[in-house]
file coords.cif (mmCIF, N, CA, C and O atoms)
data_coords
#
loop_
_atom_site.label_atom_id
_atom_site.label_comp_id
_atom_site.auth_asym_id
_atom_site.auth_seq_id
_atom_site.Cartn_x
_atom_site.Cartn_y
_atom_site.Cartn_z
N MET J 132 -120.64 -50.03 -25.06
CA MET J 132 -120.87 -51.29 -25.74
C MET J 132 -122.32 -51.35 -26.19
O MET J 132 -123.23 -51.11 -25.41
N MET J 133 -122.53 -51.67 -27.45
CA MET J 133 -123.87 -51.73 -28.01
C MET J 133 -124.35 -53.17 -28.04
O MET J 133 -123.65 -54.05 -28.53
N ILE J 134 -125.53 -53.39 -27.51
CA ILE J 134 -126.12 -54.73 -27.51
C ILE J 134 -127.27 -54.72 -28.50
O ILE J 134 -128.17 -53.90 -28.41
N SER J 135 -127.22 -55.65 -29.43
CA SER J 135 -128.24 -55.73 -30.46
C SER J 135 -129.26 -56.81 -30.09
O SER J 135 -128.91 -57.84 -29.53
N ALA J 136 -130.52 -56.54 -30.41
CA ALA J 136 -131.58 -57.51 -30.11
C ALA J 136 -131.48 -58.73 -31.02
O ALA J 136 -131.91 -59.81 -30.67
N THR J 137 -130.93 -58.54 -32.19
CA THR J 137 -130.76 -59.66 -33.12
C THR J 137 -129.28 -59.81 -33.43
O THR J 137 -128.55 -58.83 -33.50
N GLU J 138 -128.85 -61.01 -33.61
CA GLU J 138 -127.45 -61.23 -33.96
C GLU J 138 -127.24 -60.88 -35.43
O GLU J 138 -128.19 -60.87 -36.23
N PRO J 139 -126.02 -60.58 -35.83
CA PRO J 139 -125.74 -60.13 -37.20
C PRO J 139 -126.21 -61.09 -38.29
O PRO J 139 -126.68 -60.65 -39.32
N THR J 140 -126.09 -62.39 -38.07
CA THR J 140 -126.50 -63.32 -39.11
C THR J 140 -128.01 -63.31 -39.31
O THR J 140 -128.49 -63.41 -40.43
N ALA J 141 -128.76 -63.16 -38.24
CA ALA J 141 -130.22 -63.08 -38.36
C ALA J 141 -130.62 -61.79 -39.06
O ALA J 141 -131.55 -61.77 -39.87
N GLN J 142 -129.91 -60.72 -38.75
CA GLN J 142 -130.20 -59.43 -39.38
C GLN J 142 -129.85 -59.48 -40.87
O GLN J 142 -130.60 -58.98 -41.70
N ALA J 143 -128.75 -60.12 -41.22
CA ALA J 143 -128.35 -60.26 -42.62
C ALA J 143 -129.36 -61.11 -43.38
O ALA J 143 -129.69 -60.81 -44.54
N ALA J 144 -129.88 -62.15 -42.74
CA ALA J 144 -130.89 -62.99 -43.38
C ALA J 144 -132.18 -62.21 -43.61
O ALA J 144 -132.83 -62.38 -44.65
N LEU J 145 -132.53 -61.35 -42.67
CA LEU J 145 -133.73 -60.53 -42.82
C LEU J 145 -133.57 -59.54 -43.97
O LEU J 145 -134.49 -59.35 -44.77
N VAL J 146 -132.40 -58.93 -44.05
CA VAL J 146 -132.12 -58.00 -45.16
C VAL J 146 -132.19 -58.74 -46.49
O VAL J 146 -132.80 -58.26 -47.46
N ALA J 147 -131.58 -59.92 -46.57
CA ALA J 147 -131.60 -60.70 -47.81
C ALA J 147 -133.02 -61.09 -48.19
O ALA J 147 -133.39 -61.03 -49.37
N GLU J 148 -133.83 -61.45 -47.21
CA GLU J 148 -135.22 -61.81 -47.49
C GLU J 148 -136.01 -60.62 -48.04
O GLU J 148 -136.76 -60.75 -49.01
N ARG J 149 -135.82 -59.47 -47.44
CA ARG J 149 -136.51 -58.26 -47.92
C ARG J 149 -136.05 -57.86 -49.31
O ARG J 149 -136.85 -57.43 -50.14
N LEU J 150 -134.76 -57.97 -49.56
CA LEU J 150 -134.25 -57.65 -50.89
C LEU J 150 -134.76 -58.64 -51.93
O LEU J 150 -135.07 -58.25 -53.06
N ARG J 151 -134.88 -59.91 -51.55
CA ARG J 151 -135.42 -60.92 -52.47
C ARG J 151 -136.86 -60.58 -52.82
O ARG J 151 -137.26 -60.62 -53.98
N GLU J 152 -137.67 -60.24 -51.81
CA GLU J 152 -139.07 -59.88 -52.05
C GLU J 152 -139.18 -58.66 -52.95
O GLU J 152 -140.00 -58.61 -53.87
N ALA J 153 -138.33 -57.66 -52.70
CA ALA J 153 -138.35 -56.45 -53.51
C ALA J 153 -137.96 -56.75 -54.96
O ALA J 153 -138.57 -56.21 -55.90
N SER J 154 -136.97 -57.59 -55.15
CA SER J 154 -136.53 -57.90 -56.51
C SER J 154 -137.59 -58.68 -57.27
O SER J 154 -137.81 -58.44 -58.47
N VAL J 155 -138.30 -59.58 -56.60
CA VAL J 155 -139.38 -60.33 -57.26
C VAL J 155 -140.52 -59.37 -57.61
O VAL J 155 -141.10 -59.46 -58.70
N GLU J 156 -140.82 -58.44 -56.73
CA GLU J 156 -141.90 -57.48 -57.00
C GLU J 156 -141.53 -56.56 -58.16
O GLU J 156 -142.38 -56.23 -58.99
N LEU J 157 -140.26 -56.17 -58.24
CA LEU J 157 -139.81 -55.35 -59.37
C LEU J 157 -139.93 -56.12 -60.69
O LEU J 157 -140.37 -55.56 -61.71
N GLU J 158 -139.55 -57.38 -60.68
CA GLU J 158 -139.68 -58.19 -61.89
C GLU J 158 -141.15 -58.36 -62.26
O GLU J 158 -141.51 -58.29 -63.43
N ALA J 159 -142.01 -58.55 -61.26
CA ALA J 159 -143.44 -58.70 -61.53
C ALA J 159 -144.01 -57.44 -62.17
O ALA J 159 -144.81 -57.52 -63.11
N THR J 160 -143.59 -56.29 -61.68
CA THR J 160 -144.05 -55.02 -62.26
C THR J 160 -143.59 -54.89 -63.71
O THR J 160 -144.35 -54.49 -64.59
N PHE J 161 -142.34 -55.25 -63.96
CA PHE J 161 -141.80 -55.21 -65.32
C PHE J 161 -142.58 -56.16 -66.23
O PHE J 161 -142.98 -55.79 -67.34
N LEU J 162 -142.81 -57.38 -65.76
CA LEU J 162 -143.54 -58.36 -66.57
C LEU J 162 -144.97 -57.91 -66.84
O LEU J 162 -145.50 -58.13 -67.94
N ALA J 163 -145.61 -57.29 -65.85
CA ALA J 163 -146.97 -56.79 -66.04
C ALA J 163 -147.01 -55.74 -67.15
O ALA J 163 -147.92 -55.76 -68.00
N GLU J 164 -146.04 -54.87 -67.18
CA GLU J 164 -145.98 -53.85 -68.24
C GLU J 164 -145.75 -54.50 -69.60
O GLU J 164 -146.33 -54.08 -70.60
N MET J 165 -144.93 -55.53 -69.64
CA MET J 165 -144.68 -56.23 -70.90
C MET J 165 -145.94 -56.96 -71.36
O MET J 165 -146.26 -56.97 -72.56
N LEU J 166 -146.67 -57.57 -70.44
CA LEU J 166 -147.92 -58.25 -70.79
C LEU J 166 -148.96 -57.27 -71.31
O LEU J 166 -149.68 -57.55 -72.26
N LYS J 167 -149.02 -56.10 -70.68
CA LYS J 167 -149.96 -55.06 -71.16
C LYS J 167 -149.59 -54.62 -72.57
O LYS J 167 -150.46 -54.45 -73.43
N SER J 168 -148.29 -54.41 -72.79
CA SER J 168 -147.82 -53.99 -74.11
C SER J 168 -148.10 -55.05 -75.17
O SER J 168 -148.32 -54.72 -76.34
N ALA J 169 -148.09 -56.31 -74.76
CA ALA J 169 -148.36 -57.40 -75.70
C ALA J 169 -149.85 -57.54 -75.99
O ALA J 169 -150.24 -58.33 -76.85
N GLY J 170 -150.68 -56.81 -75.26
CA GLY J 170 -152.12 -56.84 -75.53
C GLY J 170 -152.90 -57.79 -74.64
O GLY J 170 -154.10 -57.96 -74.84
N LEU J 171 -152.26 -58.41 -73.68
CA LEU J 171 -152.97 -59.29 -72.76
C LEU J 171 -153.94 -58.47 -71.92
O LEU J 171 -153.59 -57.42 -71.41
N GLY J 172 -155.15 -58.94 -71.82
CA GLY J 172 -156.15 -58.25 -71.00
C GLY J 172 -157.02 -57.27 -71.76
O GLY J 172 -157.95 -56.71 -71.19
N GLN J 173 -156.75 -57.09 -73.05
CA GLN J 173 -157.61 -56.22 -73.84
C GLN J 173 -158.91 -56.94 -74.15
O GLN J 173 -158.92 -58.14 -74.44
N ALA J 174 -160.01 -56.21 -74.09
CA ALA J 174 -161.32 -56.80 -74.34
C ALA J 174 -161.42 -57.28 -75.79
O ALA J 174 -160.94 -56.62 -76.71
N ARG J 175 -162.04 -58.42 -75.96
CA ARG J 175 -162.25 -58.94 -77.31
C ARG J 175 -163.42 -58.20 -77.94
O ARG J 175 -164.39 -57.85 -77.27
N VAL J 176 -163.34 -57.99 -79.23
CA VAL J 176 -164.39 -57.25 -79.94
C VAL J 176 -165.66 -58.08 -80.04
O VAL J 176 -166.75 -57.59 -79.80
N SER J 177 -165.54 -59.36 -80.33
CA SER J 177 -166.72 -60.18 -80.59
C SER J 177 -167.46 -60.58 -79.32
O SER J 177 -168.68 -60.65 -79.32
N PHE J 178 -166.75 -60.84 -78.24
CA PHE J 178 -167.42 -61.31 -77.03
C PHE J 178 -166.64 -60.81 -75.83
O PHE J 178 -165.79 -61.47 -75.27
N GLY J 179 -166.94 -59.60 -75.42
CA GLY J 179 -166.22 -58.99 -74.31
C GLY J 179 -167.08 -58.93 -73.07
O GLY J 179 -168.30 -59.08 -73.12
N GLY J 180 -166.45 -58.68 -71.95
CA GLY J 180 -167.14 -58.60 -70.67
C GLY J 180 -167.60 -57.20 -70.32
O GLY J 180 -168.05 -56.96 -69.22
N GLY J 181 -167.43 -56.27 -71.23
CA GLY J 181 -167.87 -54.92 -70.99
C GLY J 181 -166.91 -54.12 -70.13
O GLY J 181 -165.72 -54.42 -70.05
N ALA J 182 -167.46 -53.11 -69.47
CA ALA J 182 -166.65 -52.20 -68.66
C ALA J 182 -165.99 -52.93 -67.49
O ALA J 182 -164.87 -52.60 -67.09
N GLY J 183 -166.66 -53.90 -66.92
CA GLY J 183 -166.10 -54.65 -65.79
C GLY J 183 -164.83 -55.37 -66.15
O GLY J 183 -163.87 -55.40 -65.38
N GLU J 184 -164.82 -55.96 -67.33
CA GLU J 184 -163.63 -56.67 -67.78
C GLU J 184 -162.47 -55.70 -67.96
O GLU J 184 -161.34 -55.99 -67.57
N ASP J 185 -162.75 -54.55 -68.53
CA ASP J 185 -161.70 -53.55 -68.72
C ASP J 185 -161.14 -53.07 -67.39
O ASP J 185 -159.93 -52.86 -67.25
N GLN J 186 -162.00 -52.90 -66.41
CA GLN J 186 -161.57 -52.38 -65.11
C GLN J 186 -160.73 -53.39 -64.33
O GLN J 186 -159.80 -53.02 -63.63
N PHE J 187 -161.07 -54.66 -64.41
CA PHE J 187 -160.39 -55.66 -63.60
C PHE J 187 -159.29 -56.42 -64.32
O PHE J 187 -158.59 -57.22 -63.70
N SER J 188 -159.10 -56.18 -65.59
CA SER J 188 -158.06 -56.91 -66.32
C SER J 188 -156.67 -56.57 -65.81
O SER J 188 -155.77 -57.42 -65.82
N SER J 189 -156.48 -55.34 -65.32
CA SER J 189 -155.16 -54.97 -64.80
C SER J 189 -154.80 -55.79 -63.56
O SER J 189 -153.64 -56.13 -63.35
N PHE J 190 -155.80 -56.14 -62.73
CA PHE J 190 -155.56 -56.98 -61.56
C PHE J 190 -155.13 -58.38 -61.99
O PHE J 190 -154.22 -58.97 -61.40
N LEU J 191 -155.78 -58.90 -63.01
CA LEU J 191 -155.43 -60.22 -63.52
C LEU J 191 -154.02 -60.22 -64.07
O LEU J 191 -153.23 -61.13 -63.78
N ILE J 192 -153.68 -59.22 -64.84
CA ILE J 192 -152.34 -59.12 -65.42
C ILE J 192 -151.29 -59.04 -64.32
O ILE J 192 -150.25 -59.71 -64.38
N GLN J 193 -151.55 -58.22 -63.30
CA GLN J 193 -150.59 -58.08 -62.21
C GLN J 193 -150.38 -59.40 -61.47
O GLN J 193 -149.27 -59.76 -61.14
N GLN J 194 -151.45 -60.13 -61.23
CA GLN J 194 -151.33 -61.41 -60.54
C GLN J 194 -150.60 -62.44 -61.39
O GLN J 194 -149.81 -63.23 -60.90
N GLN J 195 -150.89 -62.45 -62.69
CA GLN J 195 -150.19 -63.36 -63.58
C GLN J 195 -148.69 -63.04 -63.61
O GLN J 195 -147.85 -63.94 -63.57
N ALA J 196 -148.37 -61.76 -63.67
CA ALA J 196 -146.96 -61.35 -63.68
C ALA J 196 -146.29 -61.71 -62.35
O ALA J 196 -145.14 -62.17 -62.34
N ARG J 197 -146.97 -61.52 -61.23
CA ARG J 197 -146.42 -61.86 -59.93
C ARG J 197 -146.14 -63.36 -59.84
O ARG J 197 -145.09 -63.78 -59.35
N GLN J 198 -147.08 -64.16 -60.34
CA GLN J 198 -146.90 -65.61 -60.32
C GLN J 198 -145.72 -66.01 -61.20
O GLN J 198 -144.93 -66.89 -60.83
N MET J 199 -145.60 -65.38 -62.35
CA MET J 199 -144.47 -65.67 -63.23
C MET J 199 -143.15 -65.34 -62.54
O MET J 199 -142.20 -66.13 -62.59
N ALA J 200 -143.08 -64.19 -61.89
CA ALA J 200 -141.85 -63.77 -61.22
C ALA J 200 -141.50 -64.69 -60.07
O ALA J 200 -140.33 -65.02 -59.85
N GLN J 201 -142.51 -65.14 -59.32
CA GLN J 201 -142.26 -66.01 -58.17
C GLN J 201 -141.80 -67.41 -58.58
O GLN J 201 -141.16 -68.11 -57.80
N THR J 202 -142.12 -67.81 -59.79
CA THR J 202 -141.72 -69.15 -60.25
C THR J 202 -140.51 -69.11 -61.19
O THR J 202 -140.28 -70.06 -61.93
N GLY J 203 -139.77 -68.03 -61.14
CA GLY J 203 -138.53 -67.96 -61.91
C GLY J 203 -138.51 -66.85 -62.93
O GLY J 203 -137.46 -66.30 -63.22
N GLY J 204 -139.66 -66.53 -63.49
CA GLY J 204 -139.75 -65.42 -64.43
C GLY J 204 -138.73 -65.49 -65.55
O GLY J 204 -138.47 -66.55 -66.11
N ILE J 205 -138.14 -64.35 -65.83
CA ILE J 205 -137.14 -64.27 -66.89
C ILE J 205 -135.73 -64.10 -66.33
O ILE J 205 -134.80 -63.81 -67.07
N GLY J 206 -135.60 -64.24 -65.02
CA GLY J 206 -134.30 -64.12 -64.38
C GLY J 206 -133.92 -62.72 -63.95
O GLY J 206 -132.85 -62.51 -63.38
N LEU J 207 -134.79 -61.77 -64.17
CA LEU J 207 -134.51 -60.38 -63.82
C LEU J 207 -134.41 -60.21 -62.31
O LEU J 207 -133.55 -59.47 -61.81
N SER J 208 -135.26 -60.89 -61.55
CA SER J 208 -135.23 -60.72 -60.10
C SER J 208 -133.90 -61.19 -59.51
O SER J 208 -133.40 -60.60 -58.55
N GLU J 209 -133.32 -62.23 -60.07
CA GLU J 209 -132.02 -62.72 -59.58
C GLU J 209 -130.92 -61.69 -59.82
O GLU J 209 -130.09 -61.45 -58.94
N VAL J 210 -130.95 -61.07 -60.99
CA VAL J 210 -129.96 -60.03 -61.31
C VAL J 210 -130.13 -58.84 -60.37
O VAL J 210 -129.16 -58.31 -59.82
N LEU J 211 -131.39 -58.42 -60.18
CA LEU J 211 -131.67 -57.30 -59.28
C LEU J 211 -131.26 -57.63 -57.84
O LEU J 211 -130.66 -56.80 -57.16
N PHE J 212 -131.57 -58.83 -57.40
CA PHE J 212 -131.22 -59.25 -56.04
C PHE J 212 -129.71 -59.21 -55.83
O PHE J 212 -129.23 -58.67 -54.83
N ASN J 213 -128.96 -59.78 -56.77
CA ASN J 213 -127.50 -59.79 -56.64
C ASN J 213 -126.93 -58.37 -56.61
O ASN J 213 -126.02 -58.08 -55.83
N ALA J 214 -127.46 -57.49 -57.44
CA ALA J 214 -126.99 -56.10 -57.46
C ALA J 214 -127.31 -55.39 -56.15
O ALA J 214 -126.46 -54.66 -55.61
N MET J 215 -128.50 -55.62 -55.61
CA MET J 215 -128.86 -54.99 -54.34
C MET J 215 -128.06 -55.56 -53.18
O MET J 215 -127.70 -54.84 -52.25
N MET J 216 -127.74 -56.85 -53.22
CA MET J 216 -126.92 -57.46 -52.17
C MET J 216 -125.50 -56.87 -52.18
O MET J 216 -124.94 -56.61 -51.13
N GLU J 217 -124.96 -56.63 -53.37
CA GLU J 217 -123.63 -56.03 -53.47
C GLU J 217 -123.63 -54.62 -52.87
O GLU J 217 -122.71 -54.24 -52.17
N LYS J 218 -124.69 -53.87 -53.15
CA LYS J 218 -124.80 -52.51 -52.62
C LYS J 218 -124.99 -52.52 -51.11
O LYS J 218 -124.49 -51.65 -50.42
N SER J 219 -125.73 -53.49 -50.58
CA SER J 219 -125.99 -53.51 -49.14
C SER J 219 -124.78 -53.98 -48.34
O SER J 219 -124.63 -53.65 -47.17
N ASP J 220 -123.88 -54.73 -48.98
CA ASP J 220 -122.68 -55.22 -48.29
C ASP J 220 -121.64 -54.11 -48.10
O ASP J 220 -120.92 -54.08 -47.12
N GLY J 221 -121.58 -53.22 -49.07
CA GLY J 221 -120.52 -52.22 -49.00
C GLY J 221 -121.06 -50.90 -48.86
O GLY J 221 -120.85 -49.90 -48.51
#
call {"tool": "encode", "arguments": {"input": "coords.cif", "output": "structure tokens"}}
result
Amino acid sequence: MMISATEPTAQAALVAERLREASVELEATFLAEMLKSAGLGQARVSFGGGAGEDQFSSFLIQQQARQMAQTGGIGLSEVLFNAMMEKSDG
């Protein structure tokens, strides 16, 4: 007889929470790439911050994308989450 430290419902909730976090992070990464492609974070020609701005703009873009994903984003994280939940169930 196997005794588990956590009951199945708590373990399922932990799995769902981790999958939710992973799906939001995947959407954030996707959104960051889309923002970069759209030109967000590129230094302005007339009044730029120099090399420092170029180096740290990727951090700003990533944080903006993460915030977008956490507040609903484009719905990609929900689709990813549902697909991962289906795979983890069976």
call {"tool": "select_by_dssp", "arguments": {"input": "coords.cif", "residues": "segment 166-221 of chain J", "states": "alpha helix (DSSP H)", "output": "number ranges by chain"}}
result
J: 166-168, 182-201, 207-220
call {"tool": "atom_distance", "arguments": {"input": "coords.cif", "atom1": "atom N of Gly206 of chain J", "atom2": "atom C of Leu157 of chain J"}}
result
10.2 Å
call {"tool": "residues_around", "arguments": {"input": "coords.cif", "residues": "Ala200 of chain J", "least_positions_apart": "6", "cutoff": "6 Å", "atoms": "only N, CA, C and O atoms", "output": "ChimeraX atom specification"}}
result
/J:155,158-159
call {"tool": "write_last_selection", "arguments": {"input": "coords.cif", "atoms": "N, CA, C and O atoms", "output": "compact mmCIF listing (two decimals), in the coordinates of the input"}}
result
# COMPACT_ATOMS: atom_id res chain seq x y z
N VAL J 155 -138.30 -59.58 -56.60
CA VAL J 155 -139.38 -60.33 -57.26
C VAL J 155 -140.52 -59.37 -57.61
O VAL J 155 -141.10 -59.46 -58.70
N GLU J 158 -139.55 -57.38 -60.68
CA GLU J 158 -139.68 -58.19 -61.89
C GLU J 158 -141.15 -58.36 -62.26
O GLU J 158 -141.51 -58.29 -63.43
N ALA J 159 -142.01 -58.55 -61.26
CA ALA J 159 -143.44 -58.70 -61.53
C ALA J 159 -144.01 -57.44 -62.17
O ALA J 159 -144.81 -57.52 -63.11
call {"tool": "closest_residue", "arguments": {"input": "coords.cif", "among": "J:Glu164, J:Ala141, J:Val146, J:Arg151", "to": "Glu209 of chain J", "atoms": "only N, CA, C and O atoms"}}
result
J:Arg151
call {"tool": "atom_distance", "arguments": {"input": "coords.cif", "atom1": "atom CA of Arg197 of chain J", "atom2": "atom CA of Ala163 of chain J"}}
result
8.0 Å
call {"tool": "atom_distance", "arguments": {"input": "coords.cif", "atom1": "atom CA of Glu217 of chain J", "atom2": "atom N of Met165 of chain J"}}
result
26.7 Å
call {"tool": "closest_residue", "arguments": {"input": "coords.cif", "among": "J:Leu191, J:Ala196, J:Ala169, J:Leu211", "to": "Ala153 of chain J", "atoms": "all atoms listed in the file"}}
result
J:Leu211
call {"tool": "residues_around", "arguments": {"input": "coords.cif", "residues": "Ser208 of chain J", "least_positions_apart": "4", "cutoff": "5 Å", "atoms": "all atoms listed in the file", "output": "ChimeraX atom specification"}}
result
/J:154-155,212-213
call {"tool": "resolve_selection", "arguments": {"input": "coords.cif", "expression": "the PyMOL selection byres ((chain J and resi 192) around 8)", "output": "ChimeraX atom specification"}}
result
/J:159-160,162-164,166-167,171-172,187-191,193-199
call {"tool": "decode", "arguments": {"input": "coords.cif", "residues": "chain J", "atoms": "C-alpha atoms", "output": "short mmCIF file (atom, residue, chain, number, x, y, z; two decimals), in the first residue's frame"}}
result
data_model
loop_
_atom_site.label_atom_id
_atom_site.label_comp_id
_atom_site.auth_asym_id
_atom_site.auth_seq_id
_atom_site.Cartn_x
_atom_site.Cartn_y
_atom_site.Cartn_z
CA MET J 132 0.00 0.00 0.00
CA MET J 133 1.39 3.37 -1.04
CA ILE J 134 0.87 6.34 1.23
CA SER J 135 1.16 9.74 -0.38
CA ALA J 136 2.22 12.86 1.51
CA THR J 137 -0.33 14.90 -0.39
CA GLU J 138 -3.84 13.91 -1.28
CA PRO J 139 -4.71 13.64 -5.00
CA THR J 140 -6.77 16.83 -5.12
CA ALA J 141 -3.94 18.89 -3.63
CA GLN J 142 -1.50 17.33 -6.07
CA ALA J 143 -3.85 18.04 -9.01
CA ALA J 144 -4.18 21.65 -7.87
CA LEU J 145 -0.39 21.97 -7.72
CA VAL J 146 -0.05 20.55 -11.23
CA ALA J 147 -2.73 22.94 -12.52
CA GLU J 148 -1.00 25.90 -10.87
CA ARG J 149 2.35 25.00 -12.43
CA LEU J 150 0.79 24.50 -15.84
CA ARG J 151 -0.98 27.86 -15.53
CA GLU J 152 2.32 29.60 -14.70
CA ALA J 153 4.05 27.87 -17.61
CA SER J 154 1.31 28.84 -20.05
CA VAL J 155 1.42 32.50 -18.96
CA GLU J 156 5.21 32.51 -19.32
CA LEU J 157 4.95 31.01 -22.81
CA GLU J 158 2.45 33.68 -23.83
CA ALA J 159 4.70 36.37 -22.36
CA THR J 160 7.64 35.09 -24.40
CA PHE J 161 5.50 35.08 -27.54
CA LEU J 162 4.26 38.61 -26.86
CA ALA J 163 7.80 39.84 -26.22
CA GLU J 164 8.89 38.56 -29.62
CA MET J 165 5.89 40.24 -31.25
CA LEU J 166 6.68 43.54 -29.49
CA LYS J 167 10.30 43.33 -30.65
CA SER J 168 9.15 42.65 -34.22
CA ALA J 169 6.85 45.66 -34.01
CA GLY J 170 9.84 47.85 -33.17
CA LEU J 171 9.09 48.50 -29.50
CA GLY J 172 12.28 49.27 -27.62
CA GLN J 173 14.30 50.47 -30.59
CA ALA J 174 16.35 53.58 -29.84
CA ARG J 175 15.00 56.80 -31.29
CA VAL J 176 17.27 58.55 -33.76
CA SER J 177 16.67 62.09 -32.50
CA PHE J 178 16.89 61.53 -28.75
CA GLY J 179 18.14 58.14 -27.67
CA GLY J 180 19.60 56.85 -24.44
CA GLY J 181 22.68 55.45 -26.10
CA ALA J 182 24.14 52.00 -25.53
CA GLY J 183 22.46 51.64 -22.13
CA GLU J 184 19.02 52.00 -23.62
CA ASP J 185 19.78 49.39 -26.24
CA GLN J 186 21.07 46.96 -23.63
CA PHE J 187 18.16 47.27 -21.22
CA SER J 188 15.26 47.64 -23.64
CA SER J 189 14.89 43.86 -23.86
CA PHE J 190 14.22 43.73 -20.09
CA LEU J 191 11.53 46.37 -20.45
CA ILE J 192 9.90 44.53 -23.34
CA GLN J 193 9.94 41.25 -21.43
CA GLN J 194 8.32 42.83 -18.37
CA GLN J 195 5.69 44.56 -20.48
CA ALA J 196 4.90 41.27 -22.22
CA ARG J 197 4.74 39.42 -18.88
CA GLN J 198 2.33 42.03 -17.50
CA MET J 199 0.18 41.76 -20.62
CA ALA J 200 0.05 37.96 -20.33
CA GLN J 201 -0.80 38.07 -16.62
CA THR J 202 -3.73 40.42 -17.24
CA GLY J 203 -5.31 38.35 -19.98
CA GLY J 204 -3.05 38.95 -22.95
CA ILE J 205 -4.39 37.68 -26.23
CA GLY J 206 -5.85 34.47 -24.82
CA LEU J 207 -2.95 32.26 -25.86
CA SER J 208 -2.14 31.20 -22.30
CA GLU J 209 -5.67 29.87 -21.80
CA VAL J 210 -5.43 27.77 -24.96
CA LEU J 211 -2.00 26.48 -23.93
CA PHE J 212 -3.21 25.74 -20.40
CA ASN J 213 -6.23 23.76 -21.62
CA ALA J 214 -4.07 21.75 -24.03
CA MET J 215 -1.52 20.95 -21.32
CA MET J 216 -4.29 19.97 -18.86
CA GLU J 217 -5.71 17.53 -21.43
CA LYS J 218 -2.28 15.97 -21.88
CA SER J 219 -1.64 15.71 -18.14
CA ASP J 220 -4.99 14.00 -17.50
CA GLY J 221 -4.44 11.18 -19.93
#
